[in-house]
Protein chains: 4
Amino acid sequence: MPDIGARTWVVPGGHLPFPSRDPEPEFTGFDQLCVLNATDQDAAIGLDIYYEDADPVGPYRFLVGSRRIRHVRVNDLVDPEAVRLDRPYGCVLRSPVPVVVQFLRQDTRLPGVVALTGTMAHPG
Amino acid sequence: MPDIGARTWVVPGGHLPFPSRDPEPEFTGFDQLCVLNATDQDAAIGLDIYYEDADPVGPYRFLVGSRRIRHVRVNDLVDPEAVRLDRPYGCVLRSPVPVVVQFLRQDTRLPGVVALTGTMAHPG
Amino acid sequence: MPDIGARTWVVPGGHLPFPSRDPEPEFTGFDQLCVLNATDQDAAIGLDIYYEDADPVGPYRFLVGSRRIRHVRVNDLVDPEAVRLDRPYGCVLRSPVPVVVQFLRQDTRLPGVVALTGTMAHPG
Amino acid sequence: MPDIGARTWVVPGGHLPFPSRDPEPEFTGFDQLCVLNATDQDAAIGLDIYYEDADPVGPYRFLVGSRRIRHVRVNDLVDPEAVRLDRPYGCVLRSPVPVVVQFLRQDTRLPGVVALTGTMAHPG
């Protein structure tokens with residue numbers, strides 16, 4: 001299979017919703033990066049988080065196996081440091097092999113309400 | 001008419017909402033792949049489903065006629081096996097002729113709430 | 001100014017929400033095509049509507065002036081024939097000059113609920 | 001780091017929601033442009049707003065620092081003139097260095113309801 005995707009992806013519009021009012025974990029508010037790796041090699045992903053008022057932080061690291069997907073909640077990224085709730089951010093994802101990246105937000109700040117938005121990330 | 005689109009499309013962020021609380025079928029939660037085939041040939045589509053923790057499953061097969069669209073609920077794909085609710089997945093769609101693919105999710109897990117999100121798929 | 005955009009745009013995932021329960025016109029359910037024409041020439045747009053089970057219908061025609069945008073509700077397209085509510089469709093938009101096209105859906109089928117989804121159309 | 005993105009980005013489907021019924025500022029309705037600048041130079045952004053029935057207005061100006069993001073609410077743009085609520089618009093963003101631009105709308109016209117939609121802008 002020919003490789004699909006790109007090695008760099010960008011999401012400028014990150015913002016972890018705060019507060020989350022609905023039950024954990026399915027109705028917690030989150031931003032999510034969804035990565036598909038159709039290649040024959042595991043992908044050691046590196047993610048840099050960009051802010052409005054501080055230098056970028058990273059790389060955050062996670063693995064997406066060969067011929068696997070991975071849906072990573074940005075809320076769960078804690079090393080080198082947690083991404084704060086309610087703080088605007090963006091991110092640049094780098095992979096050693098071509099992957100495809102989609103962004104999803106679930107906003108549950110209001111009780112009994114689920115709002116979703118998302119977009120394909122921008123390939124570099 | 002010149003051909004429009006691409007022969008490979010990728011959606012990394014699949015996740016069939018569970019549970020669905022609203023009346024069938026219009027308020028059932030679903031993920032949907034919307035395919036437009038503007039060419040003069042029927043398109044025998046092949047779809048591979050990728051998971052976080054298992055090998056890809058497929059191809060799922062469906063037809064999009066010449067100069068036709070088709071909106072396929074991923075919930076309805078059962079051969080070679082059903083895509084489980086509430087399990088993260090991604091997919092790679094292949095067509096023998098150029099097509100265009102859009103992804104849509106309808107989330108009705110909360111009673112009386114409809115959340116929608118979608119994006120154009122990523123062309124390979 | 002260099003021309004921006006493309007002359008062909010595709011949206012596979014059309015579906016006019018039915019019913020609309022909220023007050024007209026601001027909370028009526030709709031699909032919308034948003035076109036930006038940054039060129040120095042008016043754009044006489046032609047739109048073909050594709051279906052699952054019938055030949056394409058069109059062209060529907062509307063004008064987007066030079067250095068103007070236009071947000072067209074698909075619900076309002078009636079010539080050569082109205083696009084029926086609750087029937088899956090897709091569309092191919094053609095322009096004599098480069099334009100950019102975005103798709104938006106407002107779903108108000110449930111009382112007191114607004115769901116939005118959209119995406120940039122796919123450039124041909 | 002190689003430059004990421006493009007110098008021109010287009011969003012045809014702007015429309016500031018009106019009215020906003022939920023508490024300021026977190027539940028105010030807005031359109032937002034999210035810009036990521038991964039380059040080593042500050043980006044002095046120029047934004048032109050396009051309308052259905054009037055000449056474009058601009059440039060609106062704002063800065064996105066080197067290796068920074070910026071999330072700009074269109075509601076907050078007032079120079080050369082405020083963008084009116086409930087009036088369809090589109091925009092063309094220009095940057096002296098490559099950036100990536102994402103569009104987000106938060107619609108809170110109905111009490112107790114949050115609707116979100118967004119998409120990556122179209123690169124020129």
# chains A, B, ... in the order shown; residues from 1 in each chain; ligands from 1
$ residues_around --residues "Gly29 of chain A" --least-positions-apart "5" --cutoff "9 Å" --atoms "only C-alpha atoms" --output "PyMOL selection string"
chain A and resi 16-22+75+105-109+114
$ write_last_selection --atoms "N, CA and C atoms" --output "short mmCIF file (atom, residue, chain, number, x, y, z; two decimals), in the first residue's frame"
data_model
loop_
_atom_site.label_atom_id
_atom_site.label_comp_id
_atom_site.auth_asym_id
_atom_site.auth_seq_id
_atom_site.Cartn_x
_atom_site.Cartn_y
_atom_site.Cartn_z
N LEU A 16 -9.08 23.48 25.69
CA LEU A 16 -9.75 22.45 26.49
C LEU A 16 -10.92 23.07 27.23
N PRO A 17 -12.15 22.57 27.02
CA PRO A 17 -13.33 23.17 27.64
C PRO A 17 -13.27 23.10 29.17
N PHE A 18 -13.73 24.17 29.82
CA PHE A 18 -13.78 24.23 31.28
C PHE A 18 -14.99 25.04 31.68
N PRO A 19 -15.81 24.61 32.64
CA PRO A 19 -15.69 23.32 33.32
C PRO A 19 -16.38 22.21 32.54
N SER A 20 -16.14 20.98 32.97
CA SER A 20 -16.89 19.83 32.48
C SER A 20 -17.91 19.45 33.53
N ARG A 21 -19.17 19.41 33.14
CA ARG A 21 -20.20 19.18 34.15
C ARG A 21 -20.81 17.79 34.07
N ASP A 22 -20.57 17.07 32.99
CA ASP A 22 -21.26 15.79 32.83
C ASP A 22 -20.40 14.62 33.31
N ASN A 75 -6.27 16.45 27.03
CA ASN A 75 -6.38 16.52 28.49
C ASN A 75 -5.46 15.52 29.17
N ARG A 105 -13.39 18.29 19.17
CA ARG A 105 -13.67 18.84 20.50
C ARG A 105 -15.06 18.41 20.95
N GLN A 106 -15.14 18.00 22.22
CA GLN A 106 -16.42 17.76 22.88
C GLN A 106 -16.55 18.76 24.01
N ASP A 107 -17.57 19.60 23.92
CA ASP A 107 -17.78 20.68 24.90
C ASP A 107 -19.03 20.35 25.70
N THR A 108 -18.84 20.13 27.02
CA THR A 108 -19.96 19.79 27.90
C THR A 108 -20.00 20.75 29.09
N ARG A 109 -19.68 22.01 28.84
CA ARG A 109 -19.67 22.99 29.92
C ARG A 109 -21.05 23.26 30.49
N VAL A 114 -24.31 18.58 24.90
CA VAL A 114 -23.07 18.16 24.25
C VAL A 114 -22.93 18.98 22.97
#
$ closest_atom_pairs --of "chain C" --to "chain D" --cutoff "6 Å" --atoms "only C-alpha atoms" --output "JSON lines"
{"residue": "C:Ile4", "atom": "CA", "partner": "D:Gly124", "partner_atom": "CA", "distance": 5.5}
{"residue": "C:Cys34", "atom": "CA", "partner": "D:Gly13", "partner_atom": "CA", "distance": 5.1}
{"residue": "C:Val35", "atom": "CA", "partner": "D:Pro12", "partner_atom": "CA", "distance": 5.5}
{"residue": "C:Leu36", "atom": "CA", "partner": "D:Pro12", "partner_atom": "CA", "distance": 5.0}
{"residue": "C:Arg68", "atom": "CA", "partner": "D:Glu52", "partner_atom": "CA", "distance": 5.3}
{"residue": "C:Ile69", "atom": "CA", "partner": "D:Glu52", "partner_atom": "CA", "distance": 4.9}
{"residue": "C:Arg70", "atom": "CA", "partner": "D:Glu52", "partner_atom": "CA", "distance": 5.4}
{"residue": "C:Ala115", "atom": "CA", "partner": "D:Ala115", "partner_atom": "CA", "distance": 5.5}
{"residue": "C:Leu116", "atom": "CA", "partner": "D:Thr117", "partner_atom": "CA", "distance": 5.6}
{"residue": "C:Thr117", "atom": "CA", "partner": "D:Thr117", "partner_atom": "CA", "distance": 5.1}
{"residue": "C:Thr119", "atom": "CA", "partner": "D:Thr119", "partner_atom": "CA", "distance": 5.1}
$ write_last_selection --atoms "all heavy atoms" --output "PDB file, in the first residue's frame"
ATOM      1  N   ILE C   4      -7.737  33.597  -5.859  1.00  0.00           N
ATOM      2  CA  ILE C   4      -7.755  32.718  -4.694  1.00  0.00           C
ATOM      3  C   ILE C   4      -8.838  31.676  -4.887  1.00  0.00           C
ATOM      4  O   ILE C   4      -9.979  32.013  -5.155  1.00  0.00           O
ATOM      5  CB  ILE C   4      -8.079  33.514  -3.408  1.00  0.00           C
ATOM      6  CG1 ILE C   4      -7.073  34.648  -3.202  1.00  0.00           C
ATOM      7  CG2 ILE C   4      -8.076  32.598  -2.201  1.00  0.00           C
ATOM      8  CD1 ILE C   4      -7.446  35.568  -2.041  1.00  0.00           C
ATOM      9  N   CYS C  34     -21.542  28.769   1.238  1.00  0.00           N
ATOM     10  CA  CYS C  34     -20.986  30.108   1.431  1.00  0.00           C
ATOM     11  C   CYS C  34     -19.845  30.279   0.426  1.00  0.00           C
ATOM     12  O   CYS C  34     -18.876  29.526   0.455  1.00  0.00           O
ATOM     13  CB  CYS C  34     -20.457  30.265   2.844  1.00  0.00           C
ATOM     14  SG  CYS C  34     -21.708  29.923   4.116  1.00  0.00           S
ATOM     15  N   VAL C  35     -19.982  31.264  -0.448  1.00  0.00           N
ATOM     16  CA  VAL C  35     -19.034  31.442  -1.551  1.00  0.00           C
ATOM     17  C   VAL C  35     -18.355  32.801  -1.418  1.00  0.00           C
ATOM     18  O   VAL C  35     -19.030  33.811  -1.202  1.00  0.00           O
ATOM     19  CB  VAL C  35     -19.758  31.369  -2.909  1.00  0.00           C
ATOM     20  CG1 VAL C  35     -18.757  31.450  -4.057  1.00  0.00           C
ATOM     21  CG2 VAL C  35     -20.596  30.098  -3.014  1.00  0.00           C
ATOM     22  N   LEU C  36     -17.036  32.825  -1.525  1.00  0.00           N
ATOM     23  CA  LEU C  36     -16.290  34.087  -1.535  1.00  0.00           C
ATOM     24  C   LEU C  36     -15.604  34.242  -2.882  1.00  0.00           C
ATOM     25  O   LEU C  36     -14.884  33.356  -3.341  1.00  0.00           O
ATOM     26  CB  LEU C  36     -15.270  34.120  -0.393  1.00  0.00           C
ATOM     27  CG  LEU C  36     -14.510  35.445  -0.194  1.00  0.00           C
ATOM     28  CD1 LEU C  36     -14.205  35.681   1.279  1.00  0.00           C
ATOM     29  CD2 LEU C  36     -13.221  35.494  -1.007  1.00  0.00           C
ATOM     30  N   ARG C  68     -17.233  40.024  -3.529  1.00  0.00           N
ATOM     31  CA  ARG C  68     -18.401  39.834  -2.680  1.00  0.00           C
ATOM     32  C   ARG C  68     -18.436  38.392  -2.183  1.00  0.00           C
ATOM     33  O   ARG C  68     -17.806  37.501  -2.761  1.00  0.00           O
ATOM     34  CB  ARG C  68     -19.696  40.071  -3.484  1.00  0.00           C
ATOM     35  CG  ARG C  68     -19.918  41.479  -3.948  1.00  0.00           C
ATOM     36  CD  ARG C  68     -20.247  42.384  -2.777  1.00  0.00           C
ATOM     37  NE  ARG C  68     -20.572  43.745  -3.214  1.00  0.00           N
ATOM     38  CZ  ARG C  68     -19.662  44.693  -3.483  1.00  0.00           C
ATOM     39  NH1 ARG C  68     -18.366  44.442  -3.387  1.00  0.00           N
ATOM     40  NH2 ARG C  68     -20.050  45.906  -3.835  1.00  0.00           N
ATOM     41  N   ILE C  69     -19.176  38.167  -1.100  1.00  0.00           N
ATOM     42  CA  ILE C  69     -19.540  36.815  -0.692  1.00  0.00           C
ATOM     43  C   ILE C  69     -21.030  36.625  -0.969  1.00  0.00           C
ATOM     44  O   ILE C  69     -21.774  37.589  -1.189  1.00  0.00           O
ATOM     45  CB  ILE C  69     -19.275  36.553   0.806  1.00  0.00           C
ATOM     46  CG1 ILE C  69     -20.044  37.558   1.667  1.00  0.00           C
ATOM     47  CG2 ILE C  69     -17.816  36.548   1.141  1.00  0.00           C
ATOM     48  CD1 ILE C  69     -21.027  36.965   2.577  1.00  0.00           C
ATOM     49  N   ARG C  70     -21.445  35.362  -0.894  1.00  0.00           N
ATOM     50  CA  ARG C  70     -22.876  35.066  -0.943  1.00  0.00           C
ATOM     51  C   ARG C  70     -23.116  33.789  -0.150  1.00  0.00           C
ATOM     52  O   ARG C  70     -22.413  32.799  -0.335  1.00  0.00           O
ATOM     53  CB  ARG C  70     -23.319  34.882  -2.399  1.00  0.00           C
ATOM     54  CG  ARG C  70     -24.782  34.643  -2.562  1.00  0.00           C
ATOM     55  CD  ARG C  70     -25.515  35.797  -3.222  1.00  0.00           C
ATOM     56  NE  ARG C  70     -26.932  35.460  -3.350  1.00  0.00           N
ATOM     57  CZ  ARG C  70     -27.547  35.199  -4.506  1.00  0.00           C
ATOM     58  NH1 ARG C  70     -26.882  35.296  -5.649  1.00  0.00           N
ATOM     59  NH2 ARG C  70     -28.825  34.882  -4.523  1.00  0.00           N
ATOM     60  N   ALA C 115     -28.114  22.491  16.379  1.00  0.00           N
ATOM     61  CA  ALA C 115     -26.882  21.756  16.096  1.00  0.00           C
ATOM     62  C   ALA C 115     -26.292  22.317  14.808  1.00  0.00           C
ATOM     63  O   ALA C 115     -27.024  22.556  13.841  1.00  0.00           O
ATOM     64  CB  ALA C 115     -27.152  20.269  15.957  1.00  0.00           C
ATOM     65  N   LEU C 116     -25.005  22.540  14.824  1.00  0.00           N
ATOM     66  CA  LEU C 116     -24.315  23.071  13.646  1.00  0.00           C
ATOM     67  C   LEU C 116     -23.222  22.109  13.218  1.00  0.00           C
ATOM     68  O   LEU C 116     -22.569  21.478  14.055  1.00  0.00           O
ATOM     69  CB  LEU C 116     -23.650  24.417  13.960  1.00  0.00           C
ATOM     70  CG  LEU C 116     -24.530  25.582  14.390  1.00  0.00           C
ATOM     71  CD1 LEU C 116     -23.665  26.788  14.730  1.00  0.00           C
ATOM     72  CD2 LEU C 116     -25.521  25.941  13.286  1.00  0.00           C
ATOM     73  N   THR C 117     -23.009  22.009  11.909  1.00  0.00           N
ATOM     74  CA  THR C 117     -21.820  21.335  11.413  1.00  0.00           C
ATOM     75  C   THR C 117     -21.464  21.941  10.082  1.00  0.00           C
ATOM     76  O   THR C 117     -22.312  22.514   9.400  1.00  0.00           O
ATOM     77  CB  THR C 117     -21.995  19.812  11.303  1.00  0.00           C
ATOM     78  OG1 THR C 117     -20.722  19.231  10.952  1.00  0.00           O
ATOM     79  CG2 THR C 117     -23.015  19.430  10.233  1.00  0.00           C
ATOM     80  N   THR C 119     -17.935  22.356   6.971  1.00  0.00           N
ATOM     81  CA  THR C 119     -16.589  22.036   6.533  1.00  0.00           C
ATOM     82  C   THR C 119     -16.314  22.856   5.289  1.00  0.00           C
ATOM     83  O   THR C 119     -17.239  23.298   4.597  1.00  0.00           O
ATOM     84  CB  THR C 119     -16.454  20.535   6.193  1.00  0.00           C
ATOM     85  OG1 THR C 119     -15.110  20.262   5.742  1.00  0.00           O
ATOM     86  CG2 THR C 119     -17.415  20.092   5.087  1.00  0.00           C
TER      87      THR C 119
END
$ closest_residue --among "C:Pro25, C:Asp31, C:Asp42, C:Leu104" --to "Val83 of chain C" --atoms "only C-alpha atoms"
C:Asp31
$ select_by_dssp --residues "chain B" --states "strand (DSSP E)" --output "PyMOL selection string"
chain B and resi 6-14+30-37+43-51+57-64+68-73+89-107+115-120+122-123
$ atom_distance --atom1 "atom CA of Ala6 of chain A" --atom2 "atom CA of Val100 of chain A"
6.6 Å
$ atom_distance --atom1 "atom CA of Val97 of chain C" --atom2 "atom CA of Ala43 of chain C"
6.2 Å
$ residues_around --residues "Leu47 of chain B" --least-positions-apart "6" --cutoff "8 Å" --atoms "only C-alpha atoms" --output "short mmCIF file (atom, residue, chain, number, x, y, z; two decimals) with N, CA and C atoms, in the first residue's frame"
data_model
loop_
_atom_site.label_atom_id
_atom_site.label_comp_id
_atom_site.auth_asym_id
_atom_site.auth_seq_id
_atom_site.Cartn_x
_atom_site.Cartn_y
_atom_site.Cartn_z
N GLY B 58 -11.47 -5.64 6.84
CA GLY B 58 -12.04 -5.19 5.58
C GLY B 58 -11.57 -6.07 4.44
N PRO B 59 -11.90 -5.74 3.24
CA PRO B 59 -12.68 -4.55 2.90
C PRO B 59 -14.19 -4.76 3.07
N TYR B 60 -14.83 -3.73 3.60
CA TYR B 60 -16.27 -3.57 3.49
C TYR B 60 -16.53 -3.05 2.08
N ARG B 61 -17.60 -3.48 1.47
CA ARG B 61 -17.85 -3.11 0.08
C ARG B 61 -19.23 -2.47 -0.09
N CYS B 91 -10.80 4.94 9.22
CA CYS B 91 -11.03 4.17 8.01
C CYS B 91 -10.30 4.74 6.81
N VAL B 92 -10.01 3.86 5.88
CA VAL B 92 -9.41 4.22 4.59
C VAL B 92 -10.35 3.70 3.52
N LEU B 93 -10.80 4.62 2.66
CA LEU B 93 -11.74 4.29 1.60
C LEU B 93 -11.01 4.32 0.26
N ARG B 94 -11.23 3.30 -0.54
CA ARG B 94 -10.60 3.23 -1.86
C ARG B 94 -11.67 3.08 -2.94
#
